[in-house]
$ cat upload.txt   # compact mmCIF, C-alpha atoms
# COMPACT_ATOMS: atom_id res chain seq x y z
CA MET A 1 -0.51 19.13 29.84
CA ASN A 2 1.19 17.16 27.09
CA GLN A 3 0.74 18.96 23.79
CA THR A 4 0.44 15.86 21.59
CA LEU A 5 -2.84 14.41 20.40
CA VAL A 6 -2.95 10.87 19.02
CA LEU A 7 -5.90 9.93 16.83
CA TYR A 8 -6.23 6.28 15.94
CA ARG A 9 -8.37 4.03 13.78
CA SER A 10 -8.13 0.40 14.83
CA LYS A 11 -10.11 -2.41 13.28
CA TYR A 12 -8.59 -5.35 15.16
CA GLY A 13 -6.74 -3.66 18.03
CA ALA A 14 -3.07 -3.25 17.07
CA ALA A 15 -3.34 0.47 16.18
CA LYS A 16 -5.15 1.11 19.47
CA LYS A 17 -2.44 -0.83 21.30
CA TYR A 18 0.25 1.41 19.77
CA ALA A 19 -1.76 4.52 20.69
CA GLU A 20 -1.97 3.31 24.29
CA LEU A 21 1.76 2.44 24.34
CA LEU A 22 2.54 5.94 23.09
CA ARG A 23 0.31 7.41 25.81
CA ALA A 24 2.21 5.39 28.44
CA GLN A 25 5.57 6.59 27.04
CA THR A 26 4.76 10.26 26.50
CA GLY A 27 1.60 11.16 28.41
CA CYS A 28 -0.11 12.26 25.18
CA THR A 29 -3.87 12.49 24.74
CA VAL A 30 -5.39 9.56 22.82
CA CYS A 31 -8.71 9.59 20.98
CA GLU A 32 -10.46 7.42 18.40
CA ALA A 33 -10.35 9.10 14.99
CA ALA A 34 -14.12 8.74 14.66
CA ARG A 35 -14.48 11.29 17.47
CA ALA A 36 -12.16 13.89 15.88
CA ASP A 37 -15.01 16.10 14.66
CA ALA A 38 -15.88 16.97 18.27
CA LEU A 39 -12.30 17.77 19.29
CA SER A 40 -10.55 21.08 19.66
CA PHE A 41 -7.09 20.82 18.13
CA GLU A 42 -6.03 24.20 19.47
CA PRO A 43 -4.29 23.03 22.69
CA TYR A 44 -2.05 20.61 20.75
CA ARG A 45 1.22 21.31 18.97
CA CYS A 46 1.64 17.79 17.54
CA ILE A 47 -0.98 15.53 16.00
CA VAL A 48 -0.21 11.85 15.39
CA PHE A 49 -2.51 9.65 13.38
CA ILE A 50 -2.23 5.86 13.88
CA GLY A 51 -4.07 3.53 11.52
CA GLY A 52 -3.94 -0.06 10.37
CA ILE A 53 -3.05 -1.01 6.82
CA TYR A 54 -5.75 -2.82 4.86
CA ALA A 55 -5.35 -3.56 1.13
CA SER A 56 -2.47 -1.04 0.95
CA GLY A 57 -4.56 1.78 2.44
CA ILE A 58 -4.14 3.31 5.89
CA ALA A 59 -7.49 3.00 7.64
CA GLY A 60 -9.05 6.26 8.75
CA LEU A 61 -6.55 8.50 6.95
CA SER A 62 -9.55 10.35 5.53
CA THR A 63 -10.05 11.76 9.05
CA LEU A 64 -6.65 13.42 8.85
CA ARG A 65 -7.38 14.77 5.36
CA ARG A 66 -10.73 16.14 6.51
CA HIS A 67 -9.12 18.07 9.37
CA LEU A 68 -5.97 19.35 7.64
CA GLY A 69 -7.30 22.91 7.70
CA ARG A 70 -7.54 22.72 11.47
CA LEU A 71 -3.96 21.47 11.73
CA GLN A 72 -2.19 24.46 10.18
CA GLY A 73 0.97 25.34 12.13
CA LYS A 74 1.04 21.97 13.92
CA ARG A 75 3.51 19.14 13.49
CA VAL A 76 1.74 16.12 12.09
CA ALA A 77 2.91 12.52 11.73
CA VAL A 78 1.32 9.24 10.62
CA PHE A 79 2.09 5.85 12.15
CA ALA A 80 0.90 2.94 9.99
CA VAL A 81 0.40 -0.52 11.49
CA GLY A 82 0.69 -3.63 9.35
CA ALA A 83 1.24 -7.36 9.60
CA SER A 84 4.43 -7.36 7.53
CA PRO A 85 7.95 -6.83 8.82
CA ALA A 86 9.33 -3.33 8.26
CA ASP A 87 10.62 -3.01 4.70
CA GLU A 88 11.90 0.22 3.10
CA LYS A 89 10.54 -0.64 -0.36
CA ALA A 90 7.07 -1.44 1.01
CA LEU A 91 7.10 1.69 3.20
CA ALA A 92 7.98 3.84 0.17
CA ALA A 93 5.10 2.26 -1.78
CA LEU A 94 2.75 2.80 1.18
CA LYS A 95 3.76 6.46 1.37
CA ALA A 96 3.34 6.94 -2.40
CA HIS A 97 -0.10 5.33 -2.31
CA ASN A 98 -1.47 7.07 0.81
CA MET A 99 0.43 10.30 1.39
CA LYS A 100 -0.43 12.24 -1.76
CA GLY A 101 -1.09 15.94 -2.24
CA PRO A 102 -1.32 17.83 1.04
CA LEU A 103 -0.15 14.75 2.99
CA GLN A 104 3.07 14.23 1.00
CA ASP A 105 5.34 16.08 3.43
CA ILE A 106 3.95 14.43 6.56
CA PRO A 107 6.41 11.93 8.09
CA LEU A 108 5.27 8.30 7.93
CA PHE A 109 6.34 5.80 10.58
CA TYR A 110 5.64 2.07 10.68
CA GLY A 111 5.06 -0.60 13.30
CA ARG A 112 4.31 -4.25 12.87
CA GLY A 113 0.93 -5.17 14.30
CA ALA A 114 -0.95 -8.39 14.86
CA TRP A 115 -2.73 -11.13 12.94
CA ASN A 116 -5.67 -13.18 14.06
CA GLU A 117 -7.90 -14.65 11.40
CA GLN A 118 -10.40 -15.83 14.02
CA ALA A 119 -11.04 -12.20 15.00
CA MET A 120 -11.39 -11.03 11.38
CA THR A 121 -14.64 -10.40 9.61
CA PHE A 122 -15.77 -13.13 7.24
CA LYS A 123 -14.87 -10.90 4.29
CA ASP A 124 -11.34 -10.14 5.56
CA ARG A 125 -10.72 -13.77 6.49
CA THR A 126 -11.86 -14.94 3.03
CA LEU A 127 -9.71 -12.37 1.23
CA CYS A 128 -6.66 -13.37 3.29
CA ARG A 129 -7.20 -17.05 2.56
CA LEU A 130 -7.54 -16.37 -1.18
CA LEU A 131 -4.41 -14.25 -1.12
CA ARG A 132 -2.49 -16.89 0.83
CA LYS A 133 -3.57 -19.51 -1.73
CA ALA A 134 -2.26 -17.34 -4.58
CA VAL A 135 1.03 -16.65 -2.78
CA SER A 136 1.50 -20.37 -1.98
CA ARG A 137 1.96 -20.99 -5.71
CA LYS A 138 5.01 -18.71 -5.81
CA ASP A 139 8.60 -19.74 -5.25
CA PRO A 140 9.26 -18.85 -1.57
CA GLY A 141 12.52 -17.18 -2.58
CA ALA A 142 10.62 -14.81 -4.88
CA CYS A 143 8.13 -13.64 -2.26
CA GLU A 144 7.98 -10.03 -1.12
CA PRO A 145 8.37 -9.55 2.66
CA TRP A 146 4.60 -9.03 3.06
CA GLU A 147 3.92 -12.27 1.20
CA ALA A 148 6.37 -14.19 3.40
CA ALA A 149 4.68 -12.71 6.49
CA LEU A 150 1.27 -13.75 5.16
CA MET A 151 2.47 -17.31 4.74
CA GLU A 152 4.22 -17.28 8.13
CA ALA A 153 1.06 -16.18 9.92
CA GLY A 154 -1.07 -18.83 8.23
CA GLY A 155 -4.27 -19.34 10.16
CA SER A 156 -2.64 -18.75 13.54
CA ALA A 157 -2.79 -15.74 15.85
CA CYS A 158 0.37 -13.63 15.96
CA ASP A 159 1.14 -10.43 17.83
CA TRP A 160 4.25 -8.57 16.68
CA THR A 161 3.45 -5.26 18.36
CA ASP A 162 6.56 -3.92 20.04
CA PRO A 163 7.20 -0.57 21.75
CA ALA A 164 10.52 -0.42 19.87
CA TYR A 165 8.60 0.43 16.70
CA LEU A 166 7.50 3.66 18.39
CA GLU A 167 11.08 4.86 19.02
CA PRO A 168 11.45 6.83 15.74
CA LEU A 169 8.06 8.47 16.31
CA ALA A 170 8.94 9.24 19.94
CA ALA A 171 12.18 10.87 18.74
CA PHE A 172 10.15 12.97 16.29
CA LEU A 173 7.87 14.06 19.13
CA ALA A 174 10.76 14.74 21.52
CA ALA A 175 12.44 16.97 18.93
CA GLU A 176 9.35 19.20 19.10
CA ARG A 177 9.77 19.89 22.81
CA PRO A 178 11.41 23.22 23.73
$ encode --input "upload.txt" --output "C-alpha cells"
Amino acid sequence: MNQTLVLYRSKYGAAKKYAELLRAQTGCTVCEAARADALSFEPYRCIVFIGGIYASGIAGLSTLRRHLGRLQGKRVAVFAVGASPADEKALAALKAHNMKGPLQDIPLFYGRGAWNEQAMTFKDRTLCRLLRKAVSRKDPGACEPWEAALMEAGGSACDWTDPAYLEPLAAFLAAERP
C-alpha cells in the first residue's frame, strides 16, 4: 500500500485533476477534503493537501488546520492550484497569507490550473469581470503576472494543468521513501 494520502478541495476541477494525476504517478490514495473527518490517517506517512486559490486563499485549507493534531509525526505538504503562471513573489505572498502559525513550516508547491468563466458561479464570474475591467486600465507593462494571466484568459476557457508542475511535489514524496 502506498503510504501517501492526498486530500483535495476542487471548486472547478483543476485541483481534482492534479490529485488524480498524482495518483496515476505515485499510486497514492486520493480523497475529497470534505470527507477527511471520516478518515483514519494512521496508515499514511505523508499527507498532501491540494486546493484551488480563490481571492488569495487556498480553498479547503481549514480542513488541514482542523486535522493537524491527527497529523503529528507525518510529513505534510500543500499544493496550491491557481490560474496565474508560477511566480516566486506571488508564491511567497500566498505562503505568507495562508501558511501561518502551525502551517508555516509545511512546504508549499504550486501548479497552474484552469480558467473557464462559463463554468463559474455567477458571483465568481462577476468578480472576475470587475477585476479584469480594473486591470484593463493599467499599463500592460506594469501588470503583475496574475493580472497579465487574467487579461490573457479573458472570457475564454483555458487549461494550463500540466503534470510537470507535480515534479517538485513528487520529489518531496520520493525523498520520504526508505
$ residues_around --input "upload.txt" --residues "Pro163 (chain A)" --least-positions-apart "4" --cutoff "10 Å" --atoms "all atoms listed in the file" --output "MDAnalysis selection string"
chainID A and resid 17:18 21:22 25 111 167
$ closest_residue --input "upload.txt" --among "A:Ala96, A:Leu7, A:Ala148, A:Leu127" --to "Leu64 (chain A)" --atoms "all atoms listed in the file"
A:Leu7
$ closest_residue --input "upload.txt" --among "A:Asp124, A:Ser136, A:Glu32, A:Ala157" --to "Lys16 (chain A)" --atoms "all atoms listed in the file"
A:Glu32
$ closest_residue --input "upload.txt" --among "A:Arg129, A:Arg45, A:Arg35, A:Arg9" --to "Gln72 (chain A)" --atoms "all atoms listed in the file"
A:Arg45
$ residues_near_point --input "upload.txt" --point "(-2.8, 9.8, 12.6)" --cutoff "7 Å" --atoms "all atoms listed in the file" --output "list of chain:residue names"
A:Val6, A:Leu7, A:Tyr8, A:Ile47, A:Val48, A:Phe49, A:Ile50, A:Gly51, A:Leu61, A:Leu64, A:Ala77, A:Val78, A:Phe79
$ atom_distance --input "upload.txt" --atom1 "CA of Ala175 (chain A)" --atom2 "CA of Gly73 (chain A)"
15.7 Å
$ closest_residue --input "upload.txt" --among "A:Ala93, A:Tyr110, A:Asp87, A:Leu5" --to "Gly27 (chain A)" --atoms "all atoms listed in the file"
A:Leu5
$ atom_distance --input "upload.txt" --atom1 "CA of Cys46 (chain A)" --atom2 "CA of Val81 (chain A)"
19.3 Å
$ closest_residue --input "upload.txt" --among "A:Glu88, A:Pro140, A:Ala34, A:Gly113" --to "Thr63 (chain A)" --atoms "only C-alpha atoms"
A:Ala34
$ build_atoms --input "upload.txt" --residues "region 113-136 of chain A" --atoms "N, CA and C atoms" --output "mmCIF file, keeping the file's coordinate frame"
data_model
loop_
_atom_site.group_PDB
_atom_site.id
_atom_site.type_symbol
_atom_site.label_atom_id
_atom_site.label_comp_id
_atom_site.auth_asym_id
_atom_site.auth_seq_id
_atom_site.Cartn_x
_atom_site.Cartn_y
_atom_site.Cartn_z
ATOM 1 N N GLY A 113 2.087 -4.995 13.435
ATOM 2 C CA GLY A 113 0.930 -5.170 14.300
ATOM 3 C C GLY A 113 0.661 -6.604 14.703
ATOM 4 N N ALA A 114 -0.527 -7.069 14.433
ATOM 5 C CA ALA A 114 -0.950 -8.390 14.860
ATOM 6 C C ALA A 114 -1.744 -9.056 13.744
ATOM 7 N N TRP A 115 -2.000 -10.339 13.924
ATOM 8 C CA TRP A 115 -2.730 -11.130 12.940
ATOM 9 C C TRP A 115 -3.539 -12.166 13.681
ATOM 10 N N ASN A 116 -4.822 -12.174 13.438
ATOM 11 C CA ASN A 116 -5.670 -13.180 14.060
ATOM 12 C C ASN A 116 -6.888 -13.393 13.175
ATOM 13 N N GLU A 117 -6.807 -14.412 12.345
ATOM 14 C CA GLU A 117 -7.900 -14.650 11.400
ATOM 15 C C GLU A 117 -9.214 -14.946 12.112
ATOM 16 N N GLN A 118 -9.161 -15.528 13.294
ATOM 17 C CA GLN A 118 -10.400 -15.830 14.020
ATOM 18 C C GLN A 118 -11.144 -14.554 14.411
ATOM 19 N N ALA A 119 -10.418 -13.465 14.612
ATOM 20 C CA ALA A 119 -11.040 -12.200 15.000
ATOM 21 C C ALA A 119 -11.485 -11.385 13.786
ATOM 22 N N MET A 120 -11.071 -11.789 12.592
ATOM 23 C CA MET A 120 -11.390 -11.030 11.380
ATOM 24 C C MET A 120 -12.843 -11.230 10.965
ATOM 25 N N THR A 121 -13.323 -10.252 10.209
ATOM 26 C CA THR A 121 -14.640 -10.400 9.610
ATOM 27 C C THR A 121 -14.580 -11.522 8.580
ATOM 28 N N PHE A 122 -15.714 -12.060 8.250
ATOM 29 C CA PHE A 122 -15.770 -13.130 7.240
ATOM 30 C C PHE A 122 -15.122 -12.668 5.941
ATOM 31 N N LYS A 123 -15.424 -11.445 5.530
ATOM 32 C CA LYS A 123 -14.870 -10.900 4.290
ATOM 33 C C LYS A 123 -13.341 -10.827 4.348
ATOM 34 N N ASP A 124 -12.798 -10.259 5.424
ATOM 35 C CA ASP A 124 -11.340 -10.140 5.560
ATOM 36 C C ASP A 124 -10.680 -11.511 5.612
ATOM 37 N N ARG A 125 -11.270 -12.412 6.368
ATOM 38 C CA ARG A 125 -10.720 -13.770 6.490
ATOM 39 C C ARG A 125 -10.703 -14.460 5.122
ATOM 40 N N THR A 126 -11.775 -14.321 4.356
ATOM 41 C CA THR A 126 -11.860 -14.940 3.030
ATOM 42 C C THR A 126 -10.837 -14.341 2.087
ATOM 43 N N LEU A 127 -10.697 -13.020 2.088
ATOM 44 C CA LEU A 127 -9.710 -12.370 1.230
ATOM 45 C C LEU A 127 -8.290 -12.810 1.585
ATOM 46 N N CYS A 128 -8.000 -12.930 2.865
ATOM 47 C CA CYS A 128 -6.660 -13.370 3.290
ATOM 48 C C CYS A 128 -6.390 -14.804 2.856
ATOM 49 N N ARG A 129 -7.378 -15.652 2.961
ATOM 50 C CA ARG A 129 -7.200 -17.050 2.560
ATOM 51 C C ARG A 129 -6.986 -17.155 1.047
ATOM 52 N N LEU A 130 -7.726 -16.375 0.269
ATOM 53 C CA LEU A 130 -7.540 -16.370 -1.180
ATOM 54 C C LEU A 130 -6.153 -15.847 -1.552
ATOM 55 N N LEU A 131 -5.723 -14.803 -0.872
ATOM 56 C CA LEU A 131 -4.410 -14.250 -1.120
ATOM 57 C C LEU A 131 -3.313 -15.239 -0.752
ATOM 58 N N ARG A 132 -3.477 -15.898 0.398
ATOM 59 C CA ARG A 132 -2.490 -16.890 0.830
ATOM 60 C C ARG A 132 -2.419 -18.042 -0.184
ATOM 61 N N LYS A 133 -3.550 -18.444 -0.729
ATOM 62 C CA LYS A 133 -3.570 -19.510 -1.730
ATOM 63 C C LYS A 133 -2.795 -19.092 -2.981
ATOM 64 N N ALA A 134 -2.984 -17.850 -3.412
ATOM 65 C CA ALA A 134 -2.260 -17.340 -4.580
ATOM 66 C C ALA A 134 -0.762 -17.264 -4.307
ATOM 67 N N VAL A 135 -0.394 -16.787 -3.135
ATOM 68 C CA VAL A 135 1.030 -16.650 -2.780
ATOM 69 C C VAL A 135 1.679 -18.031 -2.632
ATOM 70 N N SER A 136 0.935 -19.027 -2.191
ATOM 71 C CA SER A 136 1.500 -20.370 -1.980
ATOM 72 C C SER A 136 1.992 -20.989 -3.286
#
